$ cat input09.cif   # mmCIF, C-alpha atoms
data_final
loop_
_atom_site.label_atom_id
_atom_site.label_comp_id
_atom_site.auth_asym_id
_atom_site.auth_seq_id
_atom_site.Cartn_x
_atom_site.Cartn_y
_atom_site.Cartn_z
CA MET A 1 82.73 117.60 -86.03
CA LYS A 2 79.83 118.90 -88.07
CA ALA A 3 76.09 118.28 -87.96
CA ILE A 4 74.57 118.53 -91.45
CA TRP A 5 70.96 118.38 -92.60
CA ASN A 6 69.36 119.26 -95.91
CA GLY A 7 72.74 120.32 -97.26
CA LYS A 8 73.44 122.90 -94.54
CA VAL A 9 75.91 122.82 -91.65
CA ILE A 10 73.79 123.13 -88.53
CA ALA A 11 76.66 122.90 -86.04
CA ASP A 12 80.47 122.84 -86.23
CA SER A 13 82.85 122.26 -83.30
CA ASP A 14 85.90 120.34 -82.10
CA ASP A 15 84.56 120.51 -78.53
CA ILE A 16 82.35 117.40 -78.49
CA VAL A 17 81.11 115.37 -75.54
CA THR A 18 79.96 111.86 -76.48
CA VAL A 19 77.29 110.20 -74.34
CA GLU A 20 75.63 106.92 -75.31
CA GLY A 21 77.04 107.25 -78.82
CA ASN A 22 75.58 110.74 -79.35
CA ALA A 23 77.80 113.75 -80.06
CA TYR A 24 76.81 116.74 -77.95
CA PHE A 25 77.84 120.07 -79.47
CA PRO A 26 78.21 123.28 -77.46
CA SER A 27 75.07 125.40 -77.90
CA GLY A 28 77.21 128.24 -79.20
CA ALA A 29 78.42 126.05 -82.10
CA VAL A 30 74.88 125.69 -83.46
CA ASN A 31 73.45 128.02 -86.09
CA GLY A 32 70.35 129.19 -84.25
CA ALA A 33 68.78 130.45 -87.49
CA TYR A 34 67.87 126.82 -88.25
CA LEU A 35 66.23 126.09 -84.87
CA ASN A 36 62.56 126.41 -83.95
CA THR A 37 61.53 125.75 -80.37
CA SER A 38 59.42 122.63 -79.89
CA THR A 39 57.02 121.80 -77.07
CA HIS A 40 58.10 118.13 -77.22
CA SER A 41 59.97 116.66 -74.24
CA THR A 42 61.08 113.25 -73.02
CA VAL A 43 62.53 111.97 -69.76
CA CYS A 44 65.67 109.91 -69.28
CA SER A 45 66.07 108.21 -65.91
CA TRP A 46 69.67 109.33 -65.44
CA LYS A 47 69.98 112.48 -67.60
CA GLY A 48 66.67 114.20 -66.80
CA THR A 49 64.15 115.96 -69.04
CA ALA A 50 65.13 116.54 -72.65
CA ASN A 51 63.72 119.45 -74.60
CA TYR A 52 63.73 119.66 -78.39
CA TYR A 53 64.11 121.94 -81.36
CA THR A 54 62.71 121.43 -84.85
CA LEU A 55 65.11 122.12 -87.70
CA GLN A 56 63.96 124.40 -90.51
CA VAL A 57 66.24 124.58 -93.54
CA ASP A 58 65.19 126.02 -96.90
CA GLY A 59 61.51 125.54 -96.08
CA LYS A 60 61.89 121.90 -94.95
CA LEU A 61 61.13 120.84 -91.39
CA ASN A 62 62.70 118.05 -89.34
CA GLN A 63 60.49 117.82 -86.25
CA ASN A 64 62.26 117.40 -82.90
CA ALA A 65 65.59 116.55 -84.55
CA VAL A 66 67.68 118.39 -81.95
CA TRP A 67 67.59 117.76 -78.21
CA TYR A 68 69.15 119.23 -75.11
CA TYR A 69 68.95 118.97 -71.34
CA LYS A 70 68.38 122.40 -69.83
CA ASP A 71 68.96 121.12 -66.29
CA PRO A 72 70.53 117.65 -66.54
CA LYS A 73 70.80 115.47 -63.47
CA PRO A 74 74.22 115.48 -61.76
CA ALA A 75 75.30 112.27 -63.51
CA ALA A 76 74.93 114.05 -66.86
CA ALA A 77 76.31 117.45 -65.88
CA GLU A 78 78.83 117.32 -68.75
CA ILE A 79 76.05 117.82 -71.33
CA LYS A 80 74.61 121.00 -69.81
CA GLY A 81 74.67 123.74 -72.45
CA ARG A 82 74.99 121.22 -75.29
CA VAL A 83 72.76 119.82 -78.01
CA ALA A 84 72.63 116.53 -79.91
CA PHE A 85 71.05 115.49 -83.19
CA TRP A 86 69.14 112.60 -84.73
CA LYS A 87 66.37 111.97 -87.28
CA GLY A 88 68.58 112.06 -90.36
CA VAL A 89 71.01 114.75 -89.23
CA GLU A 90 74.45 113.57 -90.32
CA VAL A 91 77.22 114.01 -87.75
CA VAL A 92 80.66 113.75 -89.36
CA ALA A 93 84.27 114.35 -88.34
#
$ encode --input "input09.cif" --output "structure tokens"
Amino acid sequence: MKAIWNGKVIADSDDIVTVEGNAYFPSGAVNGAYLNTSTHSTVCSWKGTANYYTLQVDGKLNQNAVWYYKDPKPAAAEIKGRVAFWKGVEVVA
């Protein structure tokens, strides 16, 4: 699968974990050159605290479009070390 935004491939991997309809890519499959750390966070009752990255591609920003769980709760252990996308990021097979 690939995650694409603003015409660029942000992530590319066949090793995908799907949770609640979201494709979680291994962190190593993501092009870190497009990621800016964000201070935004949210809390999920069963996964834990999500942290975010903002995408920056060719001068355009997509705030908090990438999320990950640094220390997921045990029920979500399979997504540790993975990231997911939203906010207009296209995930395709």
$ closest_residue --input "input09.cif" --among "A:Trp46, A:Phe25, A:Ile4, A:Ser13" --to "Ala77 (chain A)" --atoms "all atoms listed in the file"
A:Trp46
$ resolve_selection --input "input09.cif" --expression "the PyMOL selection byres ((chain A and resi 62-74) around 6)" --output "NGL selection string"
:A and (47-48 or 50-55 or 61 or 75-77 or 83-87)
$ resolve_selection --input "input09.cif" --expression "the PyMOL selection byres ((chain A and resi 7) around 12)" --output "list of chain:residue names"
A:Lys2, A:Ala3, A:Ile4, A:Trp5, A:Asn6, A:Lys8, A:Val9, A:Ile10, A:Gln56, A:Val57, A:Asp58, A:Lys60, A:Gly88, A:Val89, A:Glu90
$ closest_residue --input "input09.cif" --among "A:Gly59, A:Ala11, A:Val91, A:Thr49" --to "Ala29 (chain A)" --atoms "all atoms listed in the file"
A:Ala11
$ closest_residue --input "input09.cif" --among "A:Met1, A:Ser45, A:Ala93, A:Asp12" --to "Ser27 (chain A)" --atoms "all atoms listed in the file"
A:Asp12
$ atom_distance --input "input09.cif" --atom1 "CA of Thr39 (chain A)" --atom2 "CA of Pro26 (chain A)"
21.2 Å
$ atom_distance --input "input09.cif" --atom1 "CA of Ile16 (chain A)" --atom2 "CA of Ser38 (chain A)"
23.6 Å
$ resolve_selection --input "input09.cif" --expression "the PyMOL selection byres ((chain A and resi 17) around 9)" --output "PyMOL selection string"
chain A and resi 15-16+18-19+22-26+78-79+82
$ axis_aligned_box --input "input09.cif" --around "region 56-70 of chain A" --padding-each-side "6 Å" --output "JSON"
{"center_x": 64.8, "center_y": 121.3, "center_z": -83.4, "size_x": 20.7, "size_y": 21.5, "size_z": 39.1}
$ atom_distance --input "input09.cif" --atom1 "CA of Gly81 (chain A)" --atom2 "CA of Leu35 (chain A)"
15.2 Å
